[in-house]
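So this block is work.cif, mmCIF, C-alpha atoms and all ligand atoms:
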data_my_file
#
loop_
_atom_site.label_atom_id
_atom_site.label_comp_id
_atom_site.auth_asym_id
_atom_site.auth_seq_id
_atom_site.Cartn_x
_atom_site.Cartn_y
_atom_site.Cartn_z
CA ILE A 1 -8.79 9.07 75.20
CA SER A 2 -9.53 9.46 71.49
CA ARG A 3 -8.85 13.16 71.79
CA LYS A 4 -5.43 12.48 73.35
CA LEU A 5 -4.69 9.94 70.63
CA GLN A 6 -5.69 12.51 68.03
CA GLN A 7 -3.40 15.14 69.58
CA ARG A 8 -0.51 12.67 69.56
CA ALA A 9 -1.17 11.51 66.01
CA GLU A 10 -1.43 15.00 64.54
CA GLN A 11 2.07 15.79 65.80
CA MET A 12 3.43 13.26 63.36
CA ILE A 13 0.76 12.63 60.70
CA PRO A 14 -0.97 15.38 58.67
CA GLY A 15 -4.32 15.97 60.37
CA GLY A 16 -3.59 12.91 62.48
CA VAL A 17 -5.05 10.72 59.76
CA ASN A 18 -3.88 8.57 56.88
CA SER A 19 -6.89 9.42 54.76
CA PRO A 20 -8.55 12.84 54.91
CA VAL A 21 -12.18 11.80 55.39
CA ARG A 22 -11.23 10.16 58.71
CA ALA A 23 -10.54 13.59 60.26
CA PHE A 24 -14.28 14.32 60.44
CA ARG A 25 -13.72 17.82 58.98
CA ALA A 26 -17.03 17.53 57.10
CA VAL A 27 -19.06 16.84 60.24
CA GLY A 28 -17.07 18.43 63.07
CA GLY A 29 -16.41 16.97 66.49
CA ASP A 30 -13.78 14.44 67.52
CA ALA A 31 -13.19 11.33 65.48
CA PRO A 32 -13.18 8.23 67.71
CA PHE A 33 -10.05 6.10 67.60
CA ILE A 34 -11.15 2.54 66.96
CA LEU A 35 -9.52 -0.34 68.84
CA ARG A 36 -11.46 -3.31 67.48
CA GLY A 37 -14.39 -4.49 65.44
CA GLN A 38 -16.59 -7.55 65.78
CA GLY A 39 -19.41 -8.34 63.37
CA SER A 40 -21.42 -5.17 62.72
CA HIS A 41 -19.97 -3.30 65.70
CA ILE A 42 -16.80 -1.32 66.39
CA PHE A 43 -15.36 -0.24 69.74
CA ASP A 44 -13.40 2.96 70.37
CA ALA A 45 -10.61 3.90 72.79
CA ASP A 46 -13.13 5.37 75.25
CA GLY A 47 -15.08 2.15 75.52
CA ASN A 48 -17.93 3.29 73.27
CA GLU A 49 -19.62 0.73 71.02
CA TYR A 50 -21.07 1.64 67.64
CA ILE A 51 -23.17 -0.02 64.97
CA ASP A 52 -20.85 0.45 61.97
CA TYR A 53 -22.30 1.49 58.60
CA VAL A 54 -18.92 2.47 57.10
CA GLY A 55 -17.39 -1.02 57.08
CA SER A 56 -13.96 0.41 56.22
CA TRP A 57 -15.64 2.30 53.30
CA GLY A 58 -16.97 -0.82 51.64
CA PRO A 59 -14.59 -3.78 52.02
CA LEU A 60 -16.25 -5.36 55.07
CA ILE A 61 -19.39 -6.81 53.49
CA LEU A 62 -18.98 -9.75 55.90
CA GLY A 63 -18.54 -7.46 58.91
CA HIS A 64 -15.51 -7.13 61.18
CA ALA A 65 -13.18 -10.06 61.85
CA PRO A 66 -15.28 -12.85 60.29
CA SER A 67 -13.66 -16.05 61.57
CA LYS A 68 -13.14 -17.57 58.10
CA VAL A 69 -11.23 -14.50 56.93
CA ILE A 70 -9.15 -14.18 60.09
CA GLU A 71 -8.22 -17.87 59.99
CA ALA A 72 -7.24 -17.60 56.33
CA ILE A 73 -5.00 -14.61 57.08
CA MET A 74 -3.41 -16.37 60.08
CA ASP A 75 -2.78 -19.57 58.12
CA ALA A 76 -1.14 -17.58 55.33
CA ALA A 77 0.89 -15.45 57.75
CA CYS A 78 2.44 -18.54 59.35
CA ASN A 79 4.09 -19.24 56.00
CA GLY A 80 5.47 -15.72 55.63
CA THR A 81 3.89 -12.42 54.63
CA SER A 82 5.39 -11.63 51.22
CA PHE A 83 7.78 -13.15 48.71
CA GLY A 84 7.77 -10.79 45.74
CA ALA A 85 7.31 -13.95 43.74
CA SER A 86 4.28 -15.73 42.29
CA THR A 87 2.09 -17.80 44.58
CA PRO A 88 -0.86 -20.08 43.76
CA ALA A 89 -3.30 -17.84 45.67
CA GLU A 90 -3.10 -15.10 43.03
CA ALA A 91 -4.51 -17.38 40.34
CA ASP A 92 -7.09 -18.66 42.84
CA LEU A 93 -8.37 -15.12 43.39
CA ALA A 94 -8.17 -14.36 39.66
CA GLU A 95 -10.32 -17.43 38.97
CA ILE A 96 -13.09 -16.15 41.24
CA VAL A 97 -12.91 -12.63 39.80
CA LEU A 98 -13.18 -14.01 36.25
CA SER A 99 -16.11 -16.22 37.27
CA ALA A 100 -17.95 -13.18 38.63
CA PHE A 101 -17.13 -10.86 35.69
CA PRO A 102 -17.45 -12.93 32.49
CA HIS A 103 -16.14 -10.16 30.22
CA ILE A 104 -12.82 -10.24 32.07
CA GLN A 105 -10.35 -12.66 30.47
CA LYS A 106 -7.30 -11.34 32.30
CA VAL A 107 -6.92 -9.42 35.57
CA ARG A 108 -3.94 -7.74 37.24
CA PHE A 109 -3.89 -7.30 41.02
CA VAL A 110 -2.54 -4.11 42.62
CA SER A 111 -2.75 -2.75 46.17
CA SER A 112 -5.40 -0.04 46.00
CA GLY A 113 -8.30 1.26 43.97
CA THR A 114 -6.20 4.25 42.99
CA GLU A 115 -3.59 2.00 41.41
CA ALA A 116 -6.34 0.08 39.64
CA THR A 117 -7.92 3.12 37.98
CA MET A 118 -4.56 4.81 37.29
CA SER A 119 -3.39 1.65 35.50
CA ALA A 120 -6.66 1.13 33.63
CA ILE A 121 -6.45 4.65 32.23
CA ARG A 122 -2.82 4.17 31.17
CA LEU A 123 -3.88 0.90 29.51
CA ALA A 124 -6.78 2.54 27.68
CA ARG A 125 -4.42 5.22 26.37
CA ALA A 126 -1.92 2.55 25.30
CA TYR A 127 -4.62 0.50 23.60
CA THR A 128 -6.26 3.38 21.69
CA LYS A 129 -3.12 5.54 21.29
CA ARG A 130 -5.37 8.44 22.26
CA LYS A 131 -4.72 11.03 24.98
CA TYR A 132 -8.01 12.44 26.27
CA ILE A 133 -9.99 10.82 29.07
CA VAL A 134 -13.51 11.52 30.30
CA LYS A 135 -14.64 11.35 33.91
CA PHE A 136 -17.82 12.67 35.48
CA GLU A 137 -18.32 15.36 38.07
CA GLY A 138 -18.93 13.93 41.53
CA CYS A 139 -17.28 10.61 40.70
CA TYR A 140 -14.08 9.75 42.56
CA HIS A 141 -11.64 7.19 41.25
CA GLY A 142 -8.74 7.58 43.67
CA HIS A 143 -6.04 10.22 43.75
CA ALA A 144 -4.01 9.74 40.54
CA ASP A 145 -3.07 13.17 39.11
CA ALA A 146 -5.08 12.82 35.90
CA LEU A 147 -8.22 12.16 37.91
CA LEU A 148 -7.96 15.01 40.42
CA VAL A 149 -9.95 17.52 38.41
CA LYS A 150 -12.95 19.67 39.10
CA ALA A 151 -15.40 20.22 36.30
CA GLY A 152 -14.52 23.22 34.20
CA SER A 153 -17.24 25.76 33.59
CA GLY A 154 -19.58 24.84 30.82
CA ILE A 155 -19.93 21.60 28.96
CA ALA A 156 -17.04 19.55 27.68
CA THR A 157 -14.46 22.08 28.68
CA LEU A 158 -11.24 20.78 30.15
CA GLY A 159 -11.18 20.21 33.90
CA ILE A 160 -9.27 22.39 36.32
CA PRO A 161 -6.86 20.95 38.88
CA GLY A 162 -8.79 19.56 41.86
CA SER A 163 -5.76 19.50 44.12
CA ALA A 164 -2.66 21.54 44.88
CA GLY A 165 0.39 20.05 43.26
CA VAL A 166 -1.40 18.98 40.08
CA PRO A 167 -0.04 21.17 37.25
CA GLU A 168 -2.71 21.94 34.66
CA GLU A 169 -0.49 20.20 32.11
CA PHE A 170 -1.20 16.95 34.00
CA ILE A 171 -4.94 17.28 33.52
CA GLN A 172 -4.96 19.04 30.15
CA PHE A 173 -6.33 15.85 28.61
CA THR A 174 -8.95 15.21 31.26
CA LEU A 175 -12.55 16.15 30.51
CA ALA A 176 -14.80 16.40 33.57
CA LEU A 177 -18.40 16.19 32.35
CA PRO A 178 -21.72 16.30 34.19
CA PHE A 179 -22.86 12.83 35.30
CA ASN A 180 -26.13 11.58 33.84
CA ASP A 181 -25.97 13.86 30.75
CA THR A 182 -25.43 12.06 27.45
CA ASP A 183 -25.61 15.30 25.44
CA ALA A 184 -22.50 16.51 27.22
CA LEU A 185 -20.72 13.30 26.30
CA GLU A 186 -21.86 13.46 22.67
CA HIS A 187 -20.62 17.05 22.55
CA ALA A 188 -17.23 15.99 23.92
CA PHE A 189 -16.85 13.23 21.35
CA LYS A 190 -17.72 15.70 18.60
CA LYS A 191 -15.23 18.25 19.89
CA TYR A 192 -12.45 15.67 20.46
CA LYS A 193 -13.25 13.30 17.60
CA HIS A 194 -11.05 10.15 17.64
CA GLU A 195 -9.05 11.62 20.54
CA ILE A 196 -10.78 10.22 23.64
CA ALA A 197 -9.07 7.09 24.97
CA CYS A 198 -11.62 6.19 27.61
CA VAL A 199 -14.65 7.11 29.65
CA ILE A 200 -14.44 6.12 33.31
CA VAL A 201 -17.57 6.02 35.46
CA GLU A 202 -18.79 4.70 38.79
CA PRO A 203 -21.77 2.64 37.50
CA VAL A 204 -23.53 3.47 40.76
CA VAL A 205 -21.84 6.53 42.19
CA GLY A 206 -20.82 6.28 45.83
CA ASN A 207 -18.70 9.40 45.99
CA MET A 208 -21.42 12.01 45.74
CA GLY A 209 -23.25 9.99 48.30
CA CYS A 210 -25.10 7.10 46.61
CA VAL A 211 -26.39 8.18 43.18
CA PRO A 212 -27.58 5.43 40.83
CA ALA A 213 -27.34 5.93 37.09
CA PRO A 214 -30.85 6.49 35.72
CA GLY A 215 -32.30 3.83 33.43
CA GLY A 216 -30.62 3.75 30.07
CA TYR A 217 -27.67 5.96 30.98
CA LEU A 218 -25.12 3.16 31.32
CA ALA A 219 -26.41 1.58 28.11
CA ALA A 220 -26.00 4.94 26.38
CA LEU A 221 -22.41 5.23 27.64
CA ARG A 222 -21.81 1.74 26.26
CA LEU A 223 -23.28 2.62 22.85
CA ILE A 224 -21.46 5.94 22.49
CA THR A 225 -18.05 4.54 23.50
CA GLN A 226 -18.54 1.51 21.22
CA ARG A 227 -19.39 3.79 18.29
CA GLU A 228 -16.41 6.05 19.04
CA LYS A 229 -14.01 3.12 19.65
CA SER A 230 -13.27 4.56 23.07
CA VAL A 231 -12.64 2.28 26.09
CA LEU A 232 -15.48 2.20 28.63
CA ILE A 233 -14.15 1.67 32.16
CA PHE A 234 -16.54 0.74 34.97
CA ASP A 235 -14.93 1.70 38.23
CA GLU A 236 -16.41 -1.05 40.41
CA VAL A 237 -14.00 -0.51 43.30
CA MET A 238 -17.05 0.15 45.49
CA THR A 239 -19.82 -1.69 43.59
CA GLY A 240 -17.91 -4.86 42.70
CA PHE A 241 -19.21 -7.82 44.77
CA ARG A 242 -21.28 -5.21 46.67
CA LEU A 243 -24.39 -4.74 44.50
CA ALA A 244 -24.32 -8.32 43.21
CA PHE A 245 -21.63 -10.98 43.02
CA GLY A 246 -20.90 -9.62 39.53
CA GLY A 247 -21.22 -6.00 40.59
CA ALA A 248 -23.17 -3.26 38.81
CA GLN A 249 -22.57 -4.81 35.40
CA GLU A 250 -24.48 -7.92 36.51
CA LEU A 251 -27.23 -5.79 38.06
CA TYR A 252 -27.71 -3.53 34.99
CA GLY A 253 -26.60 -5.91 32.26
CA VAL A 254 -24.17 -3.41 30.74
CA VAL A 255 -20.67 -4.70 29.99
CA PRO A 256 -17.69 -2.30 29.96
CA ASP A 257 -14.34 -2.85 28.24
CA LEU A 258 -12.30 -2.62 31.45
CA THR A 259 -13.37 -3.05 35.06
CA THR A 260 -11.51 -1.75 38.09
CA MET A 261 -12.02 -3.31 41.50
CA GLY A 262 -10.86 -2.94 45.12
CA LYS A 263 -12.29 -2.94 48.64
CA ILE A 264 -14.28 -6.20 48.95
CA ILE A 265 -11.81 -8.23 46.83
CA GLY A 266 -9.23 -7.71 49.57
CA GLY A 267 -11.61 -8.60 52.41
CA GLY A 268 -10.19 -5.71 54.43
CA LEU A 269 -6.57 -6.06 53.27
CA PRO A 270 -5.01 -3.94 50.50
CA VAL A 271 -6.08 -5.24 47.08
CA GLY A 272 -7.10 -3.47 43.87
CA ALA A 273 -7.49 -4.96 40.40
CA TYR A 274 -8.12 -4.07 36.77
CA GLY A 275 -9.24 -6.50 34.12
CA GLY A 276 -10.77 -6.96 30.72
CA PRO A 277 -10.46 -8.87 27.44
CA SER A 278 -7.06 -10.37 26.60
CA GLU A 279 -6.96 -8.18 23.51
CA ILE A 280 -6.53 -5.18 25.82
CA MET A 281 -4.88 -6.82 28.84
CA ASN A 282 -2.12 -8.41 26.74
CA LEU A 283 -0.66 -4.92 26.37
CA VAL A 284 0.31 -5.00 30.07
CA ALA A 285 3.97 -5.67 30.98
CA PRO A 286 5.69 -8.07 30.83
CA LEU A 287 3.49 -9.24 27.91
CA GLY A 288 3.18 -5.85 26.29
CA PRO A 289 4.54 -2.30 26.31
CA MET A 290 2.29 -0.76 29.00
CA TYR A 291 4.24 -0.73 32.25
CA GLN A 292 2.70 -1.24 35.70
CA ALA A 293 4.27 -2.92 38.75
CA GLY A 294 3.95 -3.22 42.54
CA THR A 295 6.07 -4.64 45.35
CA LEU A 296 3.12 -5.98 47.30
CA SER A 297 0.78 -6.69 44.40
CA GLY A 298 -0.81 -10.11 44.93
CA ASN A 299 0.40 -10.14 48.54
CA PRO A 300 -0.25 -13.59 50.09
CA LEU A 301 -2.13 -12.27 53.14
CA ALA A 302 -4.29 -9.97 51.03
CA MET A 303 -5.01 -12.79 48.58
CA ALA A 304 -5.98 -15.07 51.48
CA ALA A 305 -8.37 -12.47 52.92
CA GLY A 306 -9.86 -11.76 49.50
CA LEU A 307 -10.23 -15.47 48.72
CA ALA A 308 -11.98 -16.25 52.01
CA THR A 309 -14.34 -13.32 51.45
CA LEU A 310 -15.20 -14.00 47.80
CA ARG A 311 -15.53 -17.76 48.35
CA HIS A 312 -18.07 -17.09 51.10
CA LEU A 313 -19.96 -14.64 48.89
CA ARG A 314 -19.95 -17.05 45.94
CA GLU A 315 -21.18 -19.94 48.10
CA HIS A 316 -24.00 -17.97 49.74
CA LYS A 317 -24.83 -15.29 47.17
CA GLN A 318 -28.40 -16.57 46.67
CA GLU A 319 -29.34 -15.59 50.17
CA ILE A 320 -26.75 -12.89 50.97
CA TYR A 321 -27.66 -10.27 48.33
CA PRO A 322 -31.46 -10.47 48.74
CA ARG A 323 -31.06 -10.26 52.54
CA LEU A 324 -28.71 -7.25 52.30
CA ASP A 325 -31.23 -5.58 49.98
CA LYS A 326 -34.18 -6.30 52.30
CA LEU A 327 -32.45 -5.21 55.50
CA SER A 328 -31.02 -2.08 53.86
CA GLY A 329 -34.48 -1.20 52.61
CA GLU A 330 -35.94 -1.54 56.10
CA LEU A 331 -33.20 0.68 57.50
CA VAL A 332 -33.29 3.39 54.85
CA ASP A 333 -37.08 3.56 54.69
CA GLY A 334 -37.35 3.48 58.50
CA VAL A 335 -35.02 6.44 58.89
CA ALA A 336 -36.74 8.30 56.04
CA ALA A 337 -40.11 7.76 57.73
CA ALA A 338 -38.70 9.07 61.02
CA ALA A 339 -37.50 12.20 59.22
CA LYS A 340 -40.89 12.71 57.62
CA ASP A 341 -42.66 12.32 60.96
CA ALA A 342 -40.28 14.91 62.45
CA GLY A 343 -40.81 17.30 59.55
CA VAL A 344 -37.13 17.04 58.57
CA THR A 345 -36.39 17.50 54.84
CA LEU A 346 -34.63 14.40 53.63
CA CYS A 347 -34.42 12.26 50.52
CA HIS A 348 -32.50 9.05 49.99
CA ASN A 349 -30.88 6.90 47.32
CA ARG A 350 -30.20 3.20 47.73
CA VAL A 351 -28.96 0.39 45.54
CA GLY A 352 -28.76 -2.87 47.47
CA SER A 353 -26.67 -2.34 50.60
CA MET A 354 -25.19 0.98 49.46
CA PHE A 355 -27.17 4.07 50.43
CA THR A 356 -27.23 7.73 51.49
CA TRP A 357 -29.73 10.02 53.20
CA PHE A 358 -29.46 13.51 51.69
CA PHE A 359 -30.56 16.58 53.64
CA THR A 360 -32.29 18.13 50.65
CA PRO A 361 -35.77 17.72 49.10
CA GLY A 362 -34.06 16.00 46.13
CA PRO A 363 -34.18 14.05 43.96
CA VAL A 364 -30.39 13.68 43.96
CA THR A 365 -29.38 12.56 40.47
CA ASP A 366 -26.01 14.25 39.91
CA TRP A 367 -23.41 16.44 41.62
CA ASP A 368 -25.38 19.69 41.29
CA SER A 369 -28.41 18.21 43.04
CA ALA A 370 -26.28 16.43 45.68
CA ALA A 371 -24.42 19.66 46.43
CA LYS A 372 -27.70 21.32 47.39
CA SER A 373 -27.74 19.20 50.57
CA ASP A 374 -27.71 20.98 53.90
CA THR A 375 -24.36 19.73 55.22
CA GLU A 376 -24.87 21.57 58.51
CA SER A 377 -28.00 19.52 59.26
CA PHE A 378 -26.19 16.40 58.10
CA GLY A 379 -23.38 17.21 60.56
CA ARG A 380 -25.84 17.59 63.46
CA PHE A 381 -27.60 14.36 62.47
CA PHE A 382 -24.27 12.56 62.15
CA ARG A 383 -23.04 13.68 65.60
CA THR A 384 -26.26 12.77 67.37
CA MET A 385 -26.19 9.36 65.77
CA LEU A 386 -22.54 8.92 66.75
CA ASP A 387 -23.21 10.02 70.35
CA ASN A 388 -25.91 7.36 70.48
CA GLY A 389 -23.80 4.52 69.13
CA VAL A 390 -24.42 4.68 65.38
CA TYR A 391 -21.36 5.21 63.18
CA LEU A 392 -22.32 6.64 59.77
CA PRO A 393 -19.89 7.85 57.07
CA PRO A 394 -18.61 11.26 58.32
CA SER A 395 -19.65 13.14 55.16
CA GLN A 396 -22.89 13.91 53.36
CA PHE A 397 -21.16 12.92 50.13
CA GLU A 398 -20.25 9.34 51.02
CA ALA A 399 -22.21 6.10 50.74
CA ALA A 400 -23.08 4.02 53.79
CA PHE A 401 -22.91 0.24 53.73
CA LEU A 402 -24.75 -2.62 55.39
CA GLY A 403 -23.13 -6.04 55.73
CA THR A 404 -24.08 -9.63 56.48
CA ALA A 405 -23.31 -9.17 60.19
CA HIS A 406 -25.98 -6.47 60.68
CA THR A 407 -29.07 -7.65 62.55
CA GLU A 408 -32.70 -6.62 62.81
CA GLU A 409 -31.87 -5.25 66.26
CA ASP A 410 -29.14 -3.07 64.72
CA ILE A 411 -31.70 -1.72 62.25
CA GLN A 412 -34.37 -1.08 64.87
CA ARG A 413 -31.89 0.62 67.19
CA THR A 414 -30.62 2.82 64.34
CA ILE A 415 -34.16 3.92 63.45
CA ASP A 416 -34.91 4.68 67.12
CA VAL A 417 -31.76 6.77 67.44
CA ALA A 418 -32.60 8.56 64.19
CA LYS A 419 -35.96 9.58 65.68
CA GLN A 420 -34.05 11.29 68.52
CA ALA A 421 -31.55 12.78 66.06
CA PHE A 422 -34.26 14.34 63.90
CA ALA A 423 -35.79 15.88 66.97
CA SER A 424 -32.38 17.52 67.68
CA VAL A 425 -31.96 18.72 64.07
CA HIS A 426 -34.95 20.95 64.66
CA ALA A 427 -33.63 22.09 68.01
P1 LIG B 501 -8.38 3.52 47.18
O1 LIG B 501 -7.14 4.02 46.49
O2 LIG B 501 -8.86 4.44 48.29
O3 LIG B 501 -8.27 2.06 47.61
O4 LIG B 501 -9.58 3.49 46.10
C1 LIG B 501 -9.91 4.67 45.41
C2 LIG B 501 -11.33 4.57 44.90
C3 LIG B 501 -11.54 4.28 43.57
N1 LIG B 501 -12.79 4.18 43.05
C4 LIG B 501 -13.88 4.35 43.85
C5 LIG B 501 -15.25 4.24 43.23
C6 LIG B 501 -13.73 4.63 45.23
O5 LIG B 501 -14.84 4.82 45.99
C7 LIG B 501 -12.44 4.74 45.78
C8 LIG B 501 -12.19 5.06 47.24
N2 LIG B 501 -13.37 5.33 48.02
C9 LIG B 501 -13.17 6.16 49.20
C10 LIG B 501 -14.55 6.36 49.84
N3 LIG B 501 -15.33 7.25 49.10
C11 LIG B 501 -12.22 5.56 50.16
C12 LIG B 501 -12.23 6.21 51.51
C13 LIG B 501 -11.05 7.11 51.68
O6 LIG B 501 -10.68 7.83 50.72
O7 LIG B 501 -10.50 7.09 52.80
#
Show this structure as structure tokens.
Amino acid sequence: ISRKLQQRAEQMIPGGVNSPVRAFRAVGGDAPFILRGQGSHIFDADGNEYIDYVGSWGPLILGHAPSKVIEAIMDAACNGTSFGASTPAEADLAEIVLSAFPHIQKVRFVSSGTEATMSAIRLARAYTKRKYIVKFEGCYHGHADALLVKAGSGIATLGIPGSAGVPEEFIQFTLALPFNDTDALEHAFKKYKHEIACVIVEPVVGNMGCVPAPGGYLAALRLITQREKSVLIFDEVMTGFRLAFGGAQELYGVVPDLTTMGKIIGGGLPVGAYGGPSEIMNLVAPLGPMYQAGTLSGNPLAMAAGLATLRHLREHKQEIYPRLDKLSGELVDGVAAAAKDAGVTLCHNRVGSMFTWFFTPGPVTDWDSAAKSDTESFGRFFRTMLDNGVYLPPSQFEAAFLGTAHTEEDIQRTIDVAKQAFASVHA
């Protein structure tokens, strides 16, 4: 049935999908159409059940349809879905975000991670009155024009458009540097002295597959940007409330100037956010001259879902994060051991409940090393897992997630299926 649904959808929607990765181009085969989710499992149109390690790409840290979140959404919906006017829930959610990220004095809610990073960059440029921005190769921050660049050849050269429809003039001020290379960053600041508005980074990268920043790297970014009076932006859209209640900055003890968020803060509904000290945030309209707006920003249903999710995480964080770490470790190590036993070349990266198995000897520490992965083998592994009821991210270069609804049985079953899958990789 999924195939029929796909054929129908692609008549009217490009590729039949509303986000490219869902088309399974990177892994081949048919993408199942999902009808419902419950806890750690999802169910497709053909009646197949899967253990879900995508969790809507990060938001569903509490699993599918947790009763508290669903009730909160239903209660809010009974009073209407949107007013385009202020509601108390927005300040309620802001309060929790500020409690989790102490450096944030003011936060603005938007409806996606893309809007959050796009706005944070505009704000950094407004605050510093500088034009250049630095991002790192392999990091993804949403699809705003200025961020759709591929690394240029050589160090600290300007990026090249990473998408059709992005004129090079739109990325002429974007520097795409190698991740995990402070020399490259120092070189850029020398070459573009006093001209770099901000450095944006995923403090633990999810978009190369999971790649943690090596010890000292984030602290070095902090030092260099402080010295250069450039705004450091931690894109915590994926890591915020995922790696710890206070995200990567709590885990690593490095504090950026601006933080962008998304995913978990909406509890599965569309929410993004950017925040930082009032000194910077007061530039945002209507207070200041930097314009940013949104019809559904702070939407009551999205705020209700985010509130229910973050309140639960805040209340139970002492046991939730250690358990997610323990269970994820069992899973990742169990699958890695199965690969070793089967003579399959595999390495893995994991930070808390965010992880990736790479089909390469590794270590995977940046884009160049991630790109050495054997995506064919990954595709075969992915499809065998899917055929046996395990739903992994359909790309070697995406992070997988474990949530509070996953059980020991889920983990054991996944390891068992991986044993079969590795046997087939050799076949
Ligand atoms: P959205 O605009 O997709 O809400 O957020 C963009 C974004 C920003 N920053 C980081 C670190 C992100 O990971 C993302 C989006 N992540 C992808 C998964 N790699 C979303 C999945 C998709 O594109 O369909």
Query raised in the report: When the cut-off is 9 Å and you count all atoms listed in the file, which residues lie near ligand LIG 501 (chain B), shown as a VMD selection string?
Result: chain A and resid 18 to 22 56 to 58 111 to 117 139 to 144 201 to 209 235 to 239 260 to 263 270 to 272 397 to 399
Quick one: residues within 7 Å of region 123-135 of chain A, all atoms listed in the file, excluding same-chain residues fewer than 3 positions away - as a tab-separated table (two decimals) with C-alpha atoms, keeping the file's coordinate frame?
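In the end it all went to result.tsv:
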chain	number	residue	atom	x	y	z
A	119	SER	CA	-3.39	1.65	35.50
A	120	ALA	CA	-6.66	1.13	33.63
A	173	PHE	CA	-6.33	15.85	28.61
A	174	THR	CA	-8.95	15.21	31.26
A	175	LEU	CA	-12.55	16.15	30.51
A	176	ALA	CA	-14.80	16.40	33.57
A	177	LEU	CA	-18.40	16.19	32.35
A	195	GLU	CA	-9.05	11.62	20.54
A	196	ILE	CA	-10.78	10.22	23.64
A	197	ALA	CA	-9.07	7.09	24.97
A	198	CYS	CA	-11.62	6.19	27.61
A	199	VAL	CA	-14.65	7.11	29.65
A	200	ILE	CA	-14.44	6.12	33.31
A	201	VAL	CA	-17.57	6.02	35.46
A	231	VAL	CA	-12.64	2.28	26.09
A	280	ILE	CA	-6.53	-5.18	25.82
A	290	MET	CA	2.29	-0.76	29.00
Query raised in the report: Which of these, A:Gly215, A:Gly352, A:Gly276, A:Pro361, has the shortest distance to Lys340 (chain A) once you count all atoms listed in the file?
Result: A:Pro361
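Compared by their closest atoms to Ser353 (chain A), and using only C-alpha atoms, the residues A:Val335, A:Leu243, A:Pro66, A:Leu251 rank with A:Leu243 nearest.
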Report task. Starting from the point (-14.4, -5.9, 56.5), work out which residues of protein, DNA or RNA have an atom no more than 10 Å away when counting all atoms listed in the file; state them as a list in words. Result -> Gly37, Gln38, Gly39, Ser40, Val54, Gly55, Ser56, Trp57, Gly58, Pro59, Leu60, Ile61, Leu62, Gly63, His64, Ala65, Pro66, Val69, Lys263, Ile264, Gly266, Gly267, Gly268, Leu269, Ala305, Thr309 and Gly403 of chain A
Query - Non-local contacts of Arg380 (chain A) (10 Å; only C-alpha atoms; under 3 positions in same chain excluded) as a list in words - result: Val27, Gly28, Gly29, Thr375, Glu376, Ser377, Arg383, Thr384, Met385, Leu386, Ala421, Phe422, Ser424, Val425 and His426 of chain A
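Those residues positioned at most 10 Å from (-20.9, -12.7, 39.9) are Ile96, Val97, Leu98, Ser99, Ala100, Phe101, Pro102, Gly240, Phe241, Leu243, Ala244, Phe245, Gly246, Gly247, Ala248, Gln249, Glu250, Leu251, Leu310, Leu313, Arg314 and Lys317 of chain A, judged using only C-alpha atoms.
Taking CA of Ser163 (chain A) as the reference point, CA of Leu258 (chain A) is found at 26.3 Å.
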Requested in this report: Using all atoms listed in the file, determine which residues lie at most 7 Å from Tyr53 (chain A), disregarding the query and same-chain residues fewer than 6 positions distant; provide the list as a ChimeraX atom specification.
Outcome: /A:391-393,400-402
